[in-house]
>>> print(open('run.pdb').read())   # PDB, N, CA and C atoms
MODEL        1
ATOM      1  N   MET V 257       0.826  -1.181   0.000
ATOM      2  CA  MET V 257       0.000   0.000   0.000
ATOM      3  C   MET V 257       0.873   1.248   0.000
ATOM      4  N   GLU V 258       0.480   2.207  -0.802
ATOM      5  CA  GLU V 258       1.181   3.491  -0.831
ATOM      6  C   GLU V 258       0.256   4.551  -0.270
ATOM      7  N   PHE V 259       0.741   5.253   0.747
ATOM      8  CA  PHE V 259      -0.032   6.329   1.358
ATOM      9  C   PHE V 259       0.493   7.658   0.856
ATOM     10  N   ILE V 260      -0.438   8.613   0.679
ATOM     11  CA  ILE V 260      -0.063   9.929   0.170
ATOM     12  C   ILE V 260      -0.798  11.026   0.928
ATOM     13  N   LEU V 261      -0.240  12.219   0.833
ATOM     14  CA  LEU V 261      -0.856  13.437   1.315
ATOM     15  C   LEU V 261      -1.088  14.301   0.080
ATOM     16  N   ILE V 262      -2.321  14.757  -0.103
ATOM     17  CA  ILE V 262      -2.626  15.657  -1.211
ATOM     18  C   ILE V 262      -2.877  17.039  -0.617
ATOM     19  N   ILE V 263      -2.224  18.029  -1.188
ATOM     20  CA  ILE V 263      -2.328  19.410  -0.720
ATOM     21  C   ILE V 263      -3.060  20.232  -1.771
ATOM     22  N   THR V 264      -4.036  20.992  -1.312
ATOM     23  CA  THR V 264      -4.705  21.965  -2.170
ATOM     24  C   THR V 264      -5.067  23.165  -1.308
ATOM     25  N   ASN V 265      -5.604  24.197  -1.912
ATOM     26  CA  ASN V 265      -6.073  25.392  -1.206
ATOM     27  C   ASN V 265      -7.419  25.791  -1.787
ATOM     28  N   PHE V 266      -8.290  26.319  -0.944
ATOM     29  CA  PHE V 266      -9.583  26.831  -1.401
ATOM     30  C   PHE V 266      -9.720  28.283  -0.963
ATOM     31  N   PRO V 267     -10.423  29.092  -1.748
ATOM     32  CA  PRO V 267     -10.600  30.490  -1.378
ATOM     33  C   PRO V 267     -11.688  30.699  -0.326
ATOM     34  N   ASP V 268     -12.462  29.642  -0.034
ATOM     35  CA  ASP V 268     -13.557  29.805   0.933
ATOM     36  C   ASP V 268     -13.771  28.507   1.705
ATOM     37  N   LYS V 269     -14.265  28.649   2.931
ATOM     38  CA  LYS V 269     -14.470  27.494   3.800
ATOM     39  C   LYS V 269     -15.551  26.570   3.262
ATOM     40  N   ALA V 270     -16.612  27.117   2.712
ATOM     41  CA  ALA V 270     -17.705  26.287   2.207
ATOM     42  C   ALA V 270     -17.219  25.324   1.129
ATOM     43  N   GLY V 271     -16.401  25.788   0.210
ATOM     44  CA  GLY V 271     -15.864  24.929  -0.845
ATOM     45  C   GLY V 271     -14.937  23.869  -0.299
ATOM     46  N   ALA V 272     -14.086  24.256   0.654
ATOM     47  CA  ALA V 272     -13.147  23.306   1.255
ATOM     48  C   ALA V 272     -13.889  22.218   2.022
ATOM     49  N   VAL V 273     -14.892  22.605   2.785
ATOM     50  CA  VAL V 273     -15.670  21.638   3.565
ATOM     51  C   VAL V 273     -16.487  20.737   2.639
ATOM     52  N   ALA V 274     -17.036  21.280   1.576
ATOM     53  CA  ALA V 274     -17.786  20.458   0.621
ATOM     54  C   ALA V 274     -16.888  19.387   0.007
ATOM     55  N   LEU V 275     -15.669  19.761  -0.369
ATOM     56  CA  LEU V 275     -14.724  18.779  -0.897
ATOM     57  C   LEU V 275     -14.418  17.730   0.164
ATOM     58  N   ALA V 276     -14.108  18.172   1.379
ATOM     59  CA  ALA V 276     -13.766  17.250   2.456
ATOM     60  C   ALA V 276     -14.893  16.247   2.696
ATOM     61  N   GLU V 277     -16.120  16.729   2.775
ATOM     62  CA  GLU V 277     -17.252  15.832   3.022
ATOM     63  C   GLU V 277     -17.442  14.837   1.886
ATOM     64  N   THR V 278     -17.260  15.287   0.656
ATOM     65  CA  THR V 278     -17.374  14.390  -0.497
ATOM     66  C   THR V 278     -16.327  13.286  -0.426
ATOM     67  N   LEU V 279     -15.085  13.664  -0.127
ATOM     68  CA  LEU V 279     -14.003  12.678  -0.064
ATOM     69  C   LEU V 279     -14.230  11.664   1.045
ATOM     70  N   ILE V 280     -14.686  12.123   2.195
ATOM     71  CA  ILE V 280     -14.948  11.214   3.313
ATOM     72  C   ILE V 280     -16.141  10.320   2.996
ATOM     73  N   ASP V 281     -17.218  10.898   2.479
ATOM     74  CA  ASP V 281     -18.417  10.121   2.154
ATOM     75  C   ASP V 281     -18.139   9.025   1.134
ATOM     76  N   GLN V 282     -17.236   9.293   0.178
ATOM     77  CA  GLN V 282     -16.920   8.320  -0.867
ATOM     78  C   GLN V 282     -15.756   7.401  -0.489
ATOM     79  N   HIS V 283     -15.272   7.493   0.745
ATOM     80  CA  HIS V 283     -14.146   6.684   1.235
ATOM     81  C   HIS V 283     -12.881   6.892   0.403
ATOM     82  N   LEU V 284     -12.730   8.095  -0.133
ATOM     83  CA  LEU V 284     -11.530   8.428  -0.895
ATOM     84  C   LEU V 284     -10.442   9.019  -0.010
ATOM     85  N   ALA V 285     -10.799   9.452   1.186
ATOM     86  CA  ALA V 285      -9.837   9.995   2.147
ATOM     87  C   ALA V 285     -10.228   9.539   3.537
ATOM     88  N   ALA V 286      -9.215   9.323   4.364
ATOM     89  CA  ALA V 286      -9.463   8.959   5.762
ATOM     90  C   ALA V 286      -9.683  10.207   6.603
ATOM     91  N   CYS V 287      -8.974  11.275   6.265
ATOM     92  CA  CYS V 287      -9.042  12.520   7.023
ATOM     93  C   CYS V 287      -8.710  13.668   6.092
ATOM     94  N   VAL V 288      -9.449  14.749   6.238
ATOM     95  CA  VAL V 288      -9.167  15.971   5.489
ATOM     96  C   VAL V 288      -9.097  17.112   6.487
ATOM     97  N   ASN V 289      -7.961  17.788   6.536
ATOM     98  CA  ASN V 289      -7.801  18.947   7.404
ATOM     99  C   ASN V 289      -8.056  20.209   6.594
ATOM    100  N   VAL V 290      -9.059  20.972   7.007
ATOM    101  CA  VAL V 290      -9.298  22.302   6.441
ATOM    102  C   VAL V 290      -8.697  23.267   7.449
ATOM    103  N   GLN V 291      -7.621  23.903   7.053
ATOM    104  CA  GLN V 291      -6.871  24.722   7.981
ATOM    105  C   GLN V 291      -7.341  26.171   7.981
ATOM    106  N   SER V 292      -6.747  26.928   8.876
ATOM    107  CA  SER V 292      -7.075  28.348   8.999
ATOM    108  C   SER V 292      -6.609  29.109   7.769
ATOM    109  N   PRO V 293      -7.264  30.217   7.480
ATOM    110  CA  PRO V 293      -6.864  31.018   6.327
ATOM    111  C   PRO V 293      -5.413  31.481   6.427
ATOM    112  N   CYS V 294      -4.792  31.565   5.271
ATOM    113  CA  CYS V 294      -3.419  32.068   5.195
ATOM    114  C   CYS V 294      -3.325  32.993   3.981
ATOM    115  N   ALA V 295      -2.263  33.748   3.925
ATOM    116  CA  ALA V 295      -2.011  34.613   2.776
ATOM    117  C   ALA V 295      -1.204  33.841   1.750
ATOM    118  N   SER V 296      -1.708  33.757   0.547
ATOM    119  CA  SER V 296      -0.980  33.142  -0.567
ATOM    120  C   SER V 296      -0.568  34.239  -1.527
ATOM    121  N   ILE V 297       0.718  34.272  -1.828
ATOM    122  CA  ILE V 297       1.262  35.257  -2.760
ATOM    123  C   ILE V 297       1.836  34.475  -3.935
ATOM    124  N   TYR V 298       1.389  34.792  -5.127
ATOM    125  CA  TYR V 298       1.801  34.035  -6.302
ATOM    126  C   TYR V 298       1.674  34.900  -7.552
ATOM    127  N   ARG V 299       2.308  34.440  -8.616
ATOM    128  CA  ARG V 299       2.210  35.140  -9.890
ATOM    129  C   ARG V 299       1.190  34.394 -10.746
ATOM    130  N   TRP V 300       0.232  35.136 -11.306
ATOM    131  CA  TRP V 300      -0.787  34.547 -12.168
ATOM    132  C   TRP V 300      -1.040  35.489 -13.326
ATOM    133  N   GLN V 301      -0.855  34.981 -14.529
ATOM    134  CA  GLN V 301      -1.071  35.732 -15.760
ATOM    135  C   GLN V 301      -0.310  37.059 -15.749
ATOM    136  N   GLY V 302       0.961  36.965 -15.317
ATOM    137  CA  GLY V 302       1.848  38.120 -15.360
ATOM    138  C   GLY V 302       1.724  39.105 -14.220
ATOM    139  N   LYS V 303       0.824  38.838 -13.266
ATOM    140  CA  LYS V 303       0.636  39.759 -12.143
ATOM    141  C   LYS V 303       0.885  39.038 -10.832
ATOM    142  N   THR V 304       1.458  39.771  -9.876
ATOM    143  CA  THR V 304       1.600  39.228  -8.532
ATOM    144  C   THR V 304       0.266  39.361  -7.812
ATOM    145  N   GLU V 305      -0.210  38.255  -7.272
ATOM    146  CA  GLU V 305      -1.505  38.209  -6.610
ATOM    147  C   GLU V 305      -1.315  37.948  -5.115
ATOM    148  N   LEU V 306      -2.235  38.446  -4.319
ATOM    149  CA  LEU V 306      -2.294  38.182  -2.886
ATOM    150  C   LEU V 306      -3.721  37.735  -2.599
ATOM    151  N   ALA V 307      -3.864  36.519  -2.078
ATOM    152  CA  ALA V 307      -5.206  35.984  -1.825
ATOM    153  C   ALA V 307      -5.228  35.290  -0.472
ATOM    154  N   GLU V 308      -6.368  35.360   0.186
ATOM    155  CA  GLU V 308      -6.567  34.585   1.404
ATOM    156  C   GLU V 308      -7.121  33.226   0.988
ATOM    157  N   GLU V 309      -6.458  32.164   1.427
ATOM    158  CA  GLU V 309      -6.861  30.810   1.073
ATOM    159  C   GLU V 309      -6.811  29.918   2.304
ATOM    160  N   LEU V 310      -7.545  28.808   2.227
ATOM    161  CA  LEU V 310      -7.524  27.818   3.300
ATOM    162  C   LEU V 310      -6.789  26.584   2.798
ATOM    163  N   PRO V 311      -5.643  26.233   3.403
ATOM    164  CA  PRO V 311      -4.953  25.007   3.029
ATOM    165  C   PRO V 311      -5.811  23.785   3.375
ATOM    166  N   VAL V 312      -5.790  22.814   2.491
ATOM    167  CA  VAL V 312      -6.534  21.572   2.677
ATOM    168  C   VAL V 312      -5.559  20.421   2.525
ATOM    169  N   LEU V 313      -5.489  19.569   3.551
ATOM    170  CA  LEU V 313      -4.587  18.419   3.573
ATOM    171  C   LEU V 313      -5.423  17.149   3.555
ATOM    172  N   ILE V 314      -5.162  16.287   2.580
ATOM    173  CA  ILE V 314      -5.968  15.084   2.358
ATOM    174  C   ILE V 314      -5.078  13.859   2.551
ATOM    175  N   LYS V 315      -5.451  12.987   3.513
ATOM    176  CA  LYS V 315      -4.698  11.758   3.752
ATOM    177  C   LYS V 315      -5.431  10.590   3.110
ATOM    178  N   THR V 316      -4.717   9.861   2.234
ATOM    179  CA  THR V 316      -5.362   8.809   1.461
ATOM    180  C   THR V 316      -4.340   7.803   0.946
ATOM    181  N   GLN V 317      -4.786   6.932   0.054
ATOM    182  CA  GLN V 317      -3.922   5.972  -0.620
ATOM    183  C   GLN V 317      -3.668   6.429  -2.054
ATOM    184  N   ARG V 318      -2.527   6.055  -2.582
ATOM    185  CA  ARG V 318      -2.122   6.440  -3.945
ATOM    186  C   ARG V 318      -3.170   6.040  -4.980
ATOM    187  N   GLN V 319      -3.818   4.910  -4.774
ATOM    188  CA  GLN V 319      -4.793   4.420  -5.760
ATOM    189  C   GLN V 319      -5.970   5.381  -5.964
ATOM    190  N   HIS V 320      -6.190   6.295  -5.037
ATOM    191  CA  HIS V 320      -7.311   7.224  -5.141
ATOM    192  C   HIS V 320      -6.927   8.580  -5.742
ATOM    193  N   TYR V 321      -5.633   8.777  -6.041
ATOM    194  CA  TYR V 321      -5.180  10.103  -6.459
ATOM    195  C   TYR V 321      -5.954  10.650  -7.668
ATOM    196  N   GLU V 322      -6.075   9.872  -8.738
ATOM    197  CA  GLU V 322      -6.690  10.391  -9.961
ATOM    198  C   GLU V 322      -8.135  10.843  -9.708
ATOM    199  N   ARG V 323      -8.895  10.060  -8.968
ATOM    200  CA  ARG V 323     -10.291  10.431  -8.679
ATOM    201  C   ARG V 323     -10.353  11.701  -7.829
ATOM    202  N   ILE V 324      -9.461  11.793  -6.836
ATOM    203  CA  ILE V 324      -9.433  12.993  -5.993
ATOM    204  C   ILE V 324      -9.050  14.214  -6.820
ATOM    205  N   GLU V 325      -8.071  14.070  -7.693
ATOM    206  CA  GLU V 325      -7.690  15.180  -8.569
ATOM    207  C   GLU V 325      -8.879  15.630  -9.412
ATOM    208  N   GLN V 326      -9.632  14.698  -9.960
ATOM    209  CA  GLN V 326     -10.814  15.033 -10.755
ATOM    210  C   GLN V 326     -11.836  15.809  -9.919
ATOM    211  N   LEU V 327     -12.077  15.338  -8.694
ATOM    212  CA  LEU V 327     -13.047  16.012  -7.834
ATOM    213  C   LEU V 327     -12.597  17.423  -7.474
ATOM    214  N   ILE V 328     -11.306  17.576  -7.184
ATOM    215  CA  ILE V 328     -10.798  18.919  -6.872
ATOM    216  C   ILE V 328     -11.020  19.844  -8.072
ATOM    217  N   LYS V 329     -10.640  19.387  -9.269
ATOM    218  CA  LYS V 329     -10.810  20.227 -10.457
ATOM    219  C   LYS V 329     -12.283  20.547 -10.709
ATOM    220  N   MET V 330     -13.165  19.597 -10.440
ATOM    221  CA  MET V 330     -14.590  19.794 -10.656
ATOM    222  C   MET V 330     -15.199  20.745  -9.621
ATOM    223  N   MET V 331     -14.761  20.662  -8.376
ATOM    224  CA  MET V 331     -15.381  21.420  -7.288
ATOM    225  C   MET V 331     -14.688  22.744  -6.994
ATOM    226  N   HIS V 332     -13.516  22.965  -7.564
ATOM    227  CA  HIS V 332     -12.716  24.152  -7.257
ATOM    228  C   HIS V 332     -13.086  25.308  -8.170
ATOM    229  N   PRO V 333     -13.181  26.518  -7.634
ATOM    230  CA  PRO V 333     -13.545  27.658  -8.478
ATOM    231  C   PRO V 333     -12.402  28.197  -9.341
ATOM    232  N   TYR V 334     -11.165  27.831  -9.040
ATOM    233  CA  TYR V 334     -10.040  28.368  -9.805
ATOM    234  C   TYR V 334      -9.894  27.656 -11.151
ATOM    235  N   GLU V 335      -9.403  28.385 -12.113
ATOM    236  CA  GLU V 335      -9.068  27.814 -13.421
ATOM    237  C   GLU V 335      -7.950  26.781 -13.282
ATOM    238  N   LEU V 336      -6.990  27.051 -12.400
ATOM    239  CA  LEU V 336      -5.853  26.158 -12.190
ATOM    240  C   LEU V 336      -5.649  25.973 -10.687
ATOM    241  N   PRO V 337      -6.357  25.016 -10.073
ATOM    242  CA  PRO V 337      -6.191  24.803  -8.632
ATOM    243  C   PRO V 337      -4.868  24.111  -8.323
ATOM    244  N   GLU V 338      -4.353  24.401  -7.147
ATOM    245  CA  GLU V 338      -3.170  23.687  -6.667
ATOM    246  C   GLU V 338      -3.580  22.272  -6.292
ATOM    247  N   VAL V 339      -2.859  21.288  -6.834
ATOM    248  CA  VAL V 339      -3.045  19.892  -6.444
ATOM    249  C   VAL V 339      -1.648  19.274  -6.427
ATOM    250  N   ILE V 340      -1.173  18.969  -5.224
ATOM    251  CA  ILE V 340       0.167  18.412  -5.057
ATOM    252  C   ILE V 340       0.062  17.105  -4.291
ATOM    253  N   MET V 341       0.709  16.063  -4.820
ATOM    254  CA  MET V 341       0.733  14.772  -4.145
ATOM    255  C   MET V 341       2.111  14.578  -3.508
ATOM    256  N   VAL V 342       2.107  14.258  -2.220
ATOM    257  CA  VAL V 342       3.345  14.024  -1.483
ATOM    258  C   VAL V 342       3.298  12.598  -0.942
ATOM    259  N   PRO V 343       4.301  11.776  -1.257
ATOM    260  CA  PRO V 343       4.294  10.424  -0.707
ATOM    261  C   PRO V 343       4.517  10.438   0.800
ATOM    262  N   ILE V 344       3.812   9.592   1.490
ATOM    263  CA  ILE V 344       4.042   9.396   2.929
ATOM    264  C   ILE V 344       4.977   8.197   3.037
ATOM    265  N   VAL V 345       6.207   8.448   3.438
ATOM    266  CA  VAL V 345       7.207   7.379   3.457
ATOM    267  C   VAL V 345       7.285   6.671   4.803
ATOM    268  N   GLY V 346       6.573   7.164   5.774
ATOM    269  CA  GLY V 346       6.554   6.520   7.083
ATOM    270  C   GLY V 346       5.520   7.192   7.957
ATOM    271  N   GLY V 347       5.254   6.555   9.071
ATOM    272  CA  GLY V 347       4.295   7.104  10.019
ATOM    273  C   GLY V 347       3.940   6.045  11.046
ATOM    274  N   LEU V 348       3.166   6.427  12.012
ATOM    275  CA  LEU V 348       2.704   5.499  13.035
ATOM    276  C   LEU V 348       1.948   4.366  12.340
ATOM    277  N   PRO V 349       2.409   3.129  12.472
ATOM    278  CA  PRO V 349       1.771   2.019  11.757
ATOM    279  C   PRO V 349       0.265   1.924  11.976
ATOM    280  N   ALA V 350      -0.196   2.131  13.188
ATOM    281  CA  ALA V 350      -1.632   2.049  13.452
ATOM    282  C   ALA V 350      -2.391   3.156  12.709
ATOM    283  N   TYR V 351      -1.795   4.338  12.590
ATOM    284  CA  TYR V 351      -2.442   5.433  11.858
ATOM    285  C   TYR V 351      -2.514   5.107  10.369
ATOM    286  N   LEU V 352      -1.417   4.578   9.830
ATOM    287  CA  LEU V 352      -1.412   4.213   8.416
ATOM    288  C   LEU V 352      -2.430   3.106   8.139
ATOM    289  N   GLN V 353      -2.561   2.167   9.054
ATOM    290  CA  GLN V 353      -3.556   1.113   8.904
ATOM    291  C   GLN V 353      -4.964   1.708   8.934
ATOM    292  N   TRP V 354      -5.163   2.716   9.764
ATOM    293  CA  TRP V 354      -6.459   3.395   9.822
ATOM    294  C   TRP V 354      -6.781   4.060   8.489
ATOM    295  N   ILE V 355      -5.772   4.736   7.890
ATOM    296  CA  ILE V 355      -5.984   5.321   6.559
ATOM    297  C   ILE V 355      -6.410   4.237   5.577
ATOM    298  N   ALA V 356      -5.731   3.104   5.615
ATOM    299  CA  ALA V 356      -6.067   2.003   4.709
ATOM    300  C   ALA V 356      -7.499   1.521   4.916
ATOM    301  N   SER V 357      -7.888   1.334   6.159
ATOM    302  CA  SER V 357      -9.232   0.814   6.425
ATOM    303  C   SER V 357     -10.318   1.823   6.071
ATOM    304  N   GLU V 358     -10.061   3.108   6.286
ATOM    305  CA  GLU V 358     -11.060   4.133   5.990
ATOM    306  C   GLU V 358     -11.194   4.433   4.490
ATOM    307  N   THR V 359     -10.184   4.092   3.723
ATOM    308  CA  THR V 359     -10.218   4.380   2.298
ATOM    309  C   THR V 359     -10.444   3.111   1.472
ATOM    310  N   SER V 360     -10.904   2.081   2.109
ATOM    311  CA  SER V 360     -11.260   0.854   1.407
ATOM    312  C   SER V 360     -12.602   1.083   0.716
ATOM    313  N   LEU V 361     -12.658   0.782  -0.575
ATOM    314  CA  LEU V 361     -13.885   1.009  -1.330
ATOM    315  C   LEU V 361     -14.839  -0.192  -1.264
ATOM    316  N   SER V 362     -14.503  -1.182  -0.471
ATOM    317  CA  SER V 362     -15.349  -2.380  -0.378
ATOM    318  C   SER V 362     -16.515  -2.202   0.576
ATOM    319  N   ASP V 363     -16.564  -1.077   1.329
ATOM    320  CA  ASP V 363     -17.653  -0.853   2.287
ATOM    321  C   ASP V 363     -18.979  -0.660   1.615
TER     322      ASP V 363
ENDMDL
END
>>> encode(input="run.pdb", output="structure tokens")
Amino acid sequence: MEFILIITNFPDKAGAVALAETLIDQHLAACVNVQSPCASIYRWQGKTELAEELPVLIKTQRQHYERIEQLIKMMHPYELPEVIMVPIVGGLPAYLQWIASETSLSD
């Protein structure tokens, strides 16, 4: 089993929570952290932008990445949402087992 962390940001809490609930309801993620707003500074279409965004951390298995990416693109208001996959190379074995059991699609 390969465990991953997917990172994205949403401009509003309602959108972030809607994504989180969808992922949990579909057993695509074991846990989704919707964090406090932060300032994101980035260049977009030749201009420096400053936006308040909520970081979203998604704990799941690698096998679910493509579906989660599709859902983020579908539910996100941005033309180009941030979607970054980070491999989880270690962790508390019982926690990793919990991720596996919560993201099993056999339920």
>>> closest_residue(input="run.pdb", among="V:Gln291, V:Gln317, V:Ser296, V:Gln301", to="Ser360 of chain V", atoms="only C-alpha atoms")
V:Gln317
>>> residues_around(input="run.pdb", residues="segment 337-341 of chain V", least_positions_apart="3", cutoff="7 Å", atoms="all atoms listed in the file", output="list in words")
Ile260, Leu261, Ile262, Ile263, Thr264, Asn265, Glu325, Ile328, Lys329, His332, Pro333 and Tyr334 of chain V
>>> write_last_selection(input="run.pdb", atoms="N, CA and C atoms", output="tab-separated table (two decimals), keeping the file's coordinate frame")
chain	number	residue	atom	x	y	z
V	260	ILE	N	-0.44	8.61	0.68
V	260	ILE	CA	-0.06	9.93	0.17
V	260	ILE	C	-0.80	11.03	0.93
V	261	LEU	N	-0.24	12.22	0.83
V	261	LEU	CA	-0.86	13.44	1.32
V	261	LEU	C	-1.09	14.30	0.08
V	262	ILE	N	-2.32	14.76	-0.10
V	262	ILE	CA	-2.63	15.66	-1.21
V	262	ILE	C	-2.88	17.04	-0.62
V	263	ILE	N	-2.22	18.03	-1.19
V	263	ILE	CA	-2.33	19.41	-0.72
V	263	ILE	C	-3.06	20.23	-1.77
V	264	THR	N	-4.04	20.99	-1.31
V	264	THR	CA	-4.70	21.96	-2.17
V	264	THR	C	-5.07	23.16	-1.31
V	265	ASN	N	-5.60	24.20	-1.91
V	265	ASN	CA	-6.07	25.39	-1.21
V	265	ASN	C	-7.42	25.79	-1.79
V	325	GLU	N	-8.07	14.07	-7.69
V	325	GLU	CA	-7.69	15.18	-8.57
V	325	GLU	C	-8.88	15.63	-9.41
V	328	ILE	N	-11.31	17.58	-7.18
V	328	ILE	CA	-10.80	18.92	-6.87
V	328	ILE	C	-11.02	19.84	-8.07
V	329	LYS	N	-10.64	19.39	-9.27
V	329	LYS	CA	-10.81	20.23	-10.46
V	329	LYS	C	-12.28	20.55	-10.71
V	332	HIS	N	-13.52	22.96	-7.56
V	332	HIS	CA	-12.72	24.15	-7.26
V	332	HIS	C	-13.09	25.31	-8.17
V	333	PRO	N	-13.18	26.52	-7.63
V	333	PRO	CA	-13.54	27.66	-8.48
V	333	PRO	C	-12.40	28.20	-9.34
V	334	TYR	N	-11.16	27.83	-9.04
V	334	TYR	CA	-10.04	28.37	-9.80
V	334	TYR	C	-9.89	27.66	-11.15
>>> resolve_selection(input="run.pdb", expression="the PyMOL selection byres ((chain V and resi 286) around 7)", output="PyMOL selection string")
chain V and resi 279-280+283-285+287-288+314-317+354-356+358-359
>>> atom_distance(input="run.pdb", atom1="atom N of Thr304 of chain V", atom2="atom N of Leu275 of chain V")
28.0 Å
>>> atom_distance(input="run.pdb", atom1="atom C of Asp281 of chain V", atom2="atom N of Ile324 of chain V")
12.1 Å
>>> closest_residue(input="run.pdb", among="V:Ala276, V:Met257, V:Pro349, V:Met330", to="Pro311 of chain V", atoms="only C-alpha atoms")
V:Ala276
>>> resolve_selection(input="run.pdb", expression="the PyMOL selection byres ((chain V and resi 293) around 7)", output="mmCIF file with N, CA and C atoms, in the frame of the given file")
data_model
loop_
_atom_site.group_PDB
_atom_site.id
_atom_site.type_symbol
_atom_site.label_atom_id
_atom_site.label_comp_id
_atom_site.auth_asym_id
_atom_site.auth_seq_id
_atom_site.Cartn_x
_atom_site.Cartn_y
_atom_site.Cartn_z
ATOM 1 N N GLN V 291 -7.621 23.903 7.053
ATOM 2 C CA GLN V 291 -6.871 24.722 7.981
ATOM 3 C C GLN V 291 -7.341 26.171 7.981
ATOM 4 N N SER V 292 -6.747 26.928 8.876
ATOM 5 C CA SER V 292 -7.075 28.348 8.999
ATOM 6 C C SER V 292 -6.609 29.109 7.769
ATOM 7 N N CYS V 294 -4.792 31.565 5.271
ATOM 8 C CA CYS V 294 -3.419 32.068 5.195
ATOM 9 C C CYS V 294 -3.325 32.993 3.981
ATOM 10 N N ALA V 295 -2.263 33.748 3.925
ATOM 11 C CA ALA V 295 -2.011 34.613 2.776
ATOM 12 C C ALA V 295 -1.204 33.841 1.750
ATOM 13 N N GLU V 308 -6.368 35.360 0.186
ATOM 14 C CA GLU V 308 -6.567 34.585 1.404
ATOM 15 C C GLU V 308 -7.121 33.226 0.988
ATOM 16 N N GLU V 309 -6.458 32.164 1.427
ATOM 17 C CA GLU V 309 -6.861 30.810 1.073
ATOM 18 C C GLU V 309 -6.811 29.918 2.304
ATOM 19 N N LEU V 310 -7.545 28.808 2.227
ATOM 20 C CA LEU V 310 -7.524 27.818 3.300
ATOM 21 C C LEU V 310 -6.789 26.584 2.798
ATOM 22 N N PRO V 311 -5.643 26.233 3.403
ATOM 23 C CA PRO V 311 -4.953 25.007 3.029
ATOM 24 C C PRO V 311 -5.811 23.785 3.375
#
>>> closest_residue(input="run.pdb", among="V:Val342, V:Leu313, V:Leu306, V:Ala270", to="Asn289 of chain V", atoms="only N, CA and C atoms")
V:Leu313
>>> select_by_dssp(input="run.pdb", residues="segment 314-352 of chain V", states="helix (DSSP H, G or I)", output="list in words")
Arg318, Gln319, His320, Tyr321, Glu322, Arg323, Ile324, Glu325, Gln326, Leu327, Ile328, Lys329, Met330, Met331, Pro349, Ala350, Tyr351 and Leu352 of chain V
>>> atom_distance(input="run.pdb", atom1="atom CA of Ala307 of chain V", atom2="atom CA of Thr278 of chain V")
24.8 Å
>>> closest_residue(input="run.pdb", among="V:Glu322, V:Gln282, V:Met331, V:Glu305", to="Asp268 of chain V", atoms="only C-alpha atoms")
V:Met331
>>> axis_aligned_box(input="run.pdb", around="segment 281-293 of chain V", padding_each_side="6 Å", output="JSON")
{"center_x": -11.9, "center_y": 19.1, "center_z": 4.1, "size_x": 25.0, "size_y": 36.8, "size_z": 21.9}
>>> decode(input="run.pdb", residues="segment 274-278 of chain V", atoms="all heavy atoms", output="PDB file, in the first residue's frame")
ATOM      1  N   ALA V 274     -17.036  21.280   1.576  1.00  0.00           N
ATOM      2  CA  ALA V 274     -17.786  20.458   0.621  1.00  0.00           C
ATOM      3  C   ALA V 274     -16.888  19.387   0.007  1.00  0.00           C
ATOM      4  O   ALA V 274     -17.290  18.217  -0.112  1.00  0.00           O
ATOM      5  CB  ALA V 274     -18.398  21.335  -0.469  1.00  0.00           C
ATOM      6  N   LEU V 275     -15.669  19.761  -0.369  1.00  0.00           N
ATOM      7  CA  LEU V 275     -14.724  18.779  -0.897  1.00  0.00           C
ATOM      8  C   LEU V 275     -14.418  17.730   0.164  1.00  0.00           C
ATOM      9  O   LEU V 275     -14.454  16.527  -0.112  1.00  0.00           O
ATOM     10  CB  LEU V 275     -13.427  19.451  -1.359  1.00  0.00           C
ATOM     11  CG  LEU V 275     -12.337  18.471  -1.791  1.00  0.00           C
ATOM     12  CD1 LEU V 275     -12.723  17.743  -3.072  1.00  0.00           C
ATOM     13  CD2 LEU V 275     -11.000  19.184  -1.932  1.00  0.00           C
ATOM     14  N   ALA V 276     -14.108  18.172   1.379  1.00  0.00           N
ATOM     15  CA  ALA V 276     -13.766  17.250   2.456  1.00  0.00           C
ATOM     16  C   ALA V 276     -14.893  16.247   2.696  1.00  0.00           C
ATOM     17  O   ALA V 276     -14.651  15.033   2.798  1.00  0.00           O
ATOM     18  CB  ALA V 276     -13.464  18.025   3.738  1.00  0.00           C
ATOM     19  N   GLU V 277     -16.120  16.729   2.775  1.00  0.00           N
ATOM     20  CA  GLU V 277     -17.252  15.832   3.022  1.00  0.00           C
ATOM     21  C   GLU V 277     -17.442  14.837   1.886  1.00  0.00           C
ATOM     22  O   GLU V 277     -17.724  13.662   2.118  1.00  0.00           O
ATOM     23  CB  GLU V 277     -18.519  16.652   3.256  1.00  0.00           C
ATOM     24  CG  GLU V 277     -18.493  17.384   4.579  1.00  0.00           C
ATOM     25  CD  GLU V 277     -19.673  18.322   4.784  1.00  0.00           C
ATOM     26  OE1 GLU V 277     -20.387  18.643   3.796  1.00  0.00           O
ATOM     27  OE2 GLU V 277     -19.881  18.726   5.947  1.00  0.00           O
ATOM     28  N   THR V 278     -17.260  15.287   0.656  1.00  0.00           N
ATOM     29  CA  THR V 278     -17.374  14.390  -0.497  1.00  0.00           C
ATOM     30  C   THR V 278     -16.327  13.286  -0.426  1.00  0.00           C
ATOM     31  O   THR V 278     -16.627  12.109  -0.636  1.00  0.00           O
ATOM     32  CB  THR V 278     -17.240  15.182  -1.814  1.00  0.00           C
ATOM     33  OG1 THR V 278     -18.296  16.135  -1.892  1.00  0.00           O
ATOM     34  CG2 THR V 278     -17.282  14.273  -3.026  1.00  0.00           C
TER      35      THR V 278
END
